[in-house]
Amino acid sequence: MAHSAQPVNLRPVATWPGTCAALGVALLVLGTLAAVTLRAEGGAGFGAADQSALRFTLVQAVLSALISVGLAIPVARALARRRFPGRRVLITLLGAPFILPVIVAILGLLAVFGRSGWVSDALGLVGVPPVQIYGLHGVVIAHVFFNLPLATRLILQGWQEIPAERFRLAAQLDAGSGAMWRLLELPMLRQVVPGAAAVIFAICLSSFAVALTLGGGPRATTLELAIYQAFHFDFDLGRAAMLSSVQLVLTVAAALLALRVSLGDGLGAGLDRAVARWDGAGARAWLSDGLWIALAALFLMLPLLAVLVAGVPGLASLPGSVWSAAWVSIQIASLSTALLLLVALPLSASIAMGRKRLGEVAGILGLAASPLVIGTGLFVMVYPFVDPFMLALPVTAVVNMVMALPFALRILVPRIRQVLQQNARLAVALDMRGRAVWQRVLLPRCRAQIGFAAGLTAALSLGDLGVIALFADPEVATLPLQVYRLMGAYRMEAAQGAALLLFVLSMGVFWLLDRGGRFHAET
């Protein structure tokens, strides 16, 4: 019996597994960078080519972030003001480019915006030169394609957080569209837009596959591509470690900025009423909103349609190597997803119970790390003990897990925090702790979020073209790497068929896991 009042421990699950997971991620990222640095020999320093790569990386990342956010603002405003059949489906489809394999999206963009693409053919009818897809233009177009949906979703969420009562009061005061923009919408954008731009800037800093296929030469080389060249062609570990450190500092700075600007005072509370928008009733507003929604839908859906149209004829003549590569990709995606859940679930629980710094460290390092440096560091560490090429697939799975971790934490942490706030006291009162809480409280009520995170990780892993491009055995390849090899061999029909297969697999596994998590899930 206690002789005095004792504090009640409202942590029904232990936080040490999450701490270990965060430390493991930090050790993996920083340890592999240290392994590459220690193995490196003295280099020539930051040369002209490295300065050019840094300059191009910053320019394309800034342009991609500004254009993506700039276009997302009117698209998100139009979606916030309009209700129409298929709106929910359209918003859901906005997430498709984010999980679309990069190599598939590039083939679709080439079919639409390439020199022989649909847009160039249409411009040729009126005597306008074709679109220049390679170089800075192509890299920015590809990054806008991937990040415009993300920016739209983030900004649309900001619009949805404005209480309906504020719009109702503005309408009662006969405030017009301009007044609503100045008084309600612009303050929200000042809170949301800088964080969205910083996140997209950080994502574009580590661009590899886009620059590899659309860069167009030495003057269009990103830092990640320069790291790949230093490894693959020169085996200059010192230069690779230096470039990776620069990229790490830039991405960490952008991620910290995103975290800082996202900590606003909020937009106020409301009564959760449906938002009615009287400022968009005029014909001009209807036409403007409809035009923005239509243009965004065309820009995002046309490359997907091009992949379907060009890929169907190639399905019948796929070589056996494509099917073998598909099986390899499925194995890597399965392992990546399993590792992700082992790391993300305890880490999310620890963050939900107040260990926020763990999430910030794990999320920032996962976003800032160079996959090529992690892979090379692991190979350097295991080289004295085992043939590194035998571990190419497990290493790829580990790297894919680290890359997907920041997004999984964003999905899991809010739901686990909500479930613990609702059930922690009851669980403690019933003396439920640890494994029992996971089995009876957290897992049943977080199934939808777990399925979504697992589906996202599997889809991203299936479409990844990173570490495997550096260390793959000539006889073993993932499906994205096989598509890239077919493109390099100018076997475009087979490459398009393989890209369609990759598209179907990625979307199929995402739908299967996401739907499986939501099936009979408790809400």
# chains A, B, ... in the order shown; residues from 1 in each chain; ligands from 1
call {"tool": "residues_around", "arguments": {"residues": "stretch 405-414 of chain A", "least_positions_apart": "5", "cutoff": "8 Å", "atoms": "only C-alpha atoms", "output": "list in words"}}
result
Leu340, Ala344, Leu345, Ser348, Ala349, Ile351, Ala352, Gly359, Ala362, Gly363, Ile364, Gly366, Leu367, Cys446, Gln449, Ile450, Phe452, Ala453, Ala454, Leu456 and Thr457 of chain A
call {"tool": "write_last_selection", "arguments": {"atoms": "C-alpha atoms", "output": "short mmCIF file (atom, residue, chain, number, x, y, z; two decimals), in the first residue's frame"}}
result
data_model
loop_
_atom_site.label_atom_id
_atom_site.label_comp_id
_atom_site.auth_asym_id
_atom_site.auth_seq_id
_atom_site.Cartn_x
_atom_site.Cartn_y
_atom_site.Cartn_z
CA LEU A 340 8.49 -0.09 -41.99
CA ALA A 344 7.06 3.06 -37.51
CA LEU A 345 4.50 1.59 -35.10
CA SER A 348 4.62 6.56 -33.66
CA ALA A 349 3.39 5.42 -30.23
CA ILE A 351 5.76 10.32 -30.42
CA ALA A 352 2.05 10.19 -29.58
CA GLY A 359 9.63 12.00 -34.68
CA ALA A 362 13.55 10.33 -37.63
CA GLY A 363 11.42 12.27 -40.09
CA ILE A 364 14.07 14.84 -40.98
CA GLY A 366 14.61 10.04 -43.49
CA LEU A 367 13.81 12.97 -45.75
CA CYS A 446 -5.60 2.11 -36.30
CA GLN A 449 -4.00 4.17 -41.06
CA ILE A 450 -1.71 1.12 -40.86
CA PHE A 452 -2.63 3.24 -45.78
CA ALA A 453 0.97 3.54 -44.54
CA ALA A 454 1.76 -0.03 -45.63
CA LEU A 456 2.12 3.78 -49.53
CA THR A 457 5.41 2.15 -48.53
#
call {"tool": "select_by_dssp", "arguments": {"residues": "stretch 283-502 of chain A", "states": "helix (DSSP H, G or I)", "output": "ChimeraX atom specification"}}
result
/A:283-315,320-352,356-368,371-382,388-429,435-445,447-462,467-471,479-488,492-502
call {"tool": "closest_residue", "arguments": {"among": "A:Trp159, A:Phe201, A:Tyr484, A:Phe208", "to": "A:Val75", "atoms": "only C-alpha atoms"}}
result
A:Trp159
call {"tool": "closest_residue", "arguments": {"among": "A:Val29, A:Ala198, A:Ala306, A:Ala495", "to": "A:Ile374", "atoms": "only C-alpha atoms"}}
result
A:Val29
call {"tool": "residues_around", "arguments": {"residues": "A:Val467", "least_positions_apart": "3", "cutoff": "9 Å", "atoms": "only C-alpha atoms", "output": "JSON, numbers by chain"}}
result
{"A": [371, 372, 373, 374, 375, 376, 392, 395, 396, 399, 400, 464, 470, 471, 472]}
call {"tool": "write_last_selection", "arguments": {"atoms": "N, CA and C atoms", "output": "PDB file, in the first residue's frame"}}
result
ATOM      1  N   PRO A 371      19.818   8.131 -50.380  1.00  0.00           N
ATOM      2  CA  PRO A 371      19.729   6.664 -50.455  1.00  0.00           C
ATOM      3  C   PRO A 371      21.011   6.027 -50.957  1.00  0.00           C
ATOM      4  N   LEU A 372      21.683   6.701 -51.876  1.00  0.00           N
ATOM      5  CA  LEU A 372      22.914   6.132 -52.432  1.00  0.00           C
ATOM      6  C   LEU A 372      24.018   6.071 -51.378  1.00  0.00           C
ATOM      7  N   VAL A 373      24.090   7.081 -50.513  1.00  0.00           N
ATOM      8  CA  VAL A 373      25.115   7.081 -49.468  1.00  0.00           C
ATOM      9  C   VAL A 373      24.803   6.015 -48.424  1.00  0.00           C
ATOM     10  N   ILE A 374      23.522   5.864 -48.059  1.00  0.00           N
ATOM     11  CA  ILE A 374      23.158   4.809 -47.114  1.00  0.00           C
ATOM     12  C   ILE A 374      23.526   3.445 -47.683  1.00  0.00           C
ATOM     13  N   GLY A 375      23.165   3.213 -48.935  1.00  0.00           N
ATOM     14  CA  GLY A 375      23.492   1.929 -49.560  1.00  0.00           C
ATOM     15  C   GLY A 375      24.982   1.684 -49.635  1.00  0.00           C
ATOM     16  N   THR A 376      25.732   2.719 -50.041  1.00  0.00           N
ATOM     17  CA  THR A 376      27.185   2.548 -50.152  1.00  0.00           C
ATOM     18  C   THR A 376      27.822   2.340 -48.781  1.00  0.00           C
ATOM     19  N   ALA A 392      22.338  -6.928 -52.094  1.00  0.00           N
ATOM     20  CA  ALA A 392      21.784  -5.785 -52.814  1.00  0.00           C
ATOM     21  C   ALA A 392      20.292  -5.628 -52.548  1.00  0.00           C
ATOM     22  N   VAL A 395      19.534  -4.606 -48.764  1.00  0.00           N
ATOM     23  CA  VAL A 395      19.946  -3.218 -48.556  1.00  0.00           C
ATOM     24  C   VAL A 395      18.964  -2.263 -49.227  1.00  0.00           C
ATOM     25  N   THR A 396      18.511  -2.597 -50.420  1.00  0.00           N
ATOM     26  CA  THR A 396      17.514  -1.766 -51.100  1.00  0.00           C
ATOM     27  C   THR A 396      16.235  -1.678 -50.289  1.00  0.00           C
ATOM     28  N   VAL A 399      16.798   0.725 -47.313  1.00  0.00           N
ATOM     29  CA  VAL A 399      16.828   2.124 -47.753  1.00  0.00           C
ATOM     30  C   VAL A 399      15.422   2.605 -48.103  1.00  0.00           C
ATOM     31  N   ASN A 400      14.651   1.775 -48.779  1.00  0.00           N
ATOM     32  CA  ASN A 400      13.269   2.152 -49.109  1.00  0.00           C
ATOM     33  C   ASN A 400      12.439   2.381 -47.850  1.00  0.00           C
ATOM     34  N   ASP A 464      10.753   2.426 -56.839  1.00  0.00           N
ATOM     35  CA  ASP A 464      12.015   3.106 -56.545  1.00  0.00           C
ATOM     36  C   ASP A 464      13.105   2.725 -57.547  1.00  0.00           C
ATOM     37  N   LEU A 470      22.675   1.306 -58.586  1.00  0.00           N
ATOM     38  CA  LEU A 470      24.103   1.410 -58.331  1.00  0.00           C
ATOM     39  C   LEU A 470      24.751   0.057 -58.081  1.00  0.00           C
ATOM     40  N   PHE A 471      24.035  -0.855 -57.441  1.00  0.00           N
ATOM     41  CA  PHE A 471      24.654  -2.096 -56.982  1.00  0.00           C
ATOM     42  C   PHE A 471      24.011  -3.359 -57.543  1.00  0.00           C
ATOM     43  N   ALA A 472      23.074  -3.237 -58.459  1.00  0.00           N
ATOM     44  CA  ALA A 472      22.392  -4.429 -58.950  1.00  0.00           C
ATOM     45  C   ALA A 472      23.330  -5.304 -59.765  1.00  0.00           C
TER      46      ALA A 472
END
call {"tool": "residues_around", "arguments": {"residues": "A:Glu475", "least_positions_apart": "4", "cutoff": "10 Å", "atoms": "only C-alpha atoms", "output": "list in words"}}
result
Ser321, Ser324 and Ala325 of chain A
call {"tool": "write_last_selection", "arguments": {"atoms": "N, CA and C atoms", "output": "JSON list (two decimals), in the first residue's frame"}}
result
[["chain", "number", "residue", "atom", "x", "y", "z"],
["A", 321, "SER", "N", 12.77, -11.39, -68.72],
["A", 321, "SER", "CA", 13.49, -10.61, -67.71],
["A", 321, "SER", "C", 12.58, -9.63, -67.00],
["A", 324, "SER", "N", 10.74, -11.59, -64.27],
["A", 324, "SER", "CA", 11.67, -11.87, -63.17],
["A", 324, "SER", "C", 11.91, -10.62, -62.34],
["A", 325, "ALA", "N", 12.07, -9.46, -63.01],
["A", 325, "ALA", "CA", 12.27, -8.21, -62.29],
["A", 325, "ALA", "C", 11.04, -7.83, -61.47]]
call {"tool": "residues_around", "arguments": {"residues": "A:Gly508", "least_positions_apart": "6", "cutoff": "12 Å", "atoms": "only C-alpha atoms", "output": "ChimeraX atom specification"}}
result
/A:96,99-100,330,455-456,458-459,462,500-502,514-516
call {"tool": "atom_distance", "arguments": {"atom1": "atom CA of A:Met353", "atom2": "atom CA of A:Pro444"}}
result
18.5 Å
call {"tool": "closest_residue", "arguments": {"among": "A:Val249, A:Trp118, A:Leu30, A:Met301", "to": "A:Leu94", "atoms": "only C-alpha atoms"}}
result
A:Met301
call {"tool": "atom_distance", "arguments": {"atom1": "atom CA of A:Ala240", "atom2": "atom CA of A:Ser52"}}
result
14.9 Å
call {"tool": "atom_distance", "arguments": {"atom1": "atom CA of A:Val386", "atom2": "atom CA of A:Trp327"}}
result
24.4 Å
call {"tool": "residues_around", "arguments": {"residues": "A:Arg491", "least_positions_apart": "4", "cutoff": "12 Å", "atoms": "only C-alpha atoms", "output": "list of chain:residue names"}}
result
A:Gly314, A:Ser317, A:Leu318, A:Pro319, A:Gln482, A:Val483, A:Tyr484, A:Arg485, A:Leu486, A:Met487, A:Ala495, A:Gln496, A:Gly497, A:Ala498
call {"tool": "closest_residue", "arguments": {"among": "A:Val380, A:Leu460, A:Val210, A:Leu54", "to": "A:Ile103", "atoms": "only C-alpha atoms"}}
result
A:Val210
call {"tool": "residues_around", "arguments": {"residues": "A:Ala53", "least_positions_apart": "3", "cutoff": "10 Å", "atoms": "only C-alpha atoms", "output": "ChimeraX atom specification"}}
result
/A:47-50,56-59,218-227,243
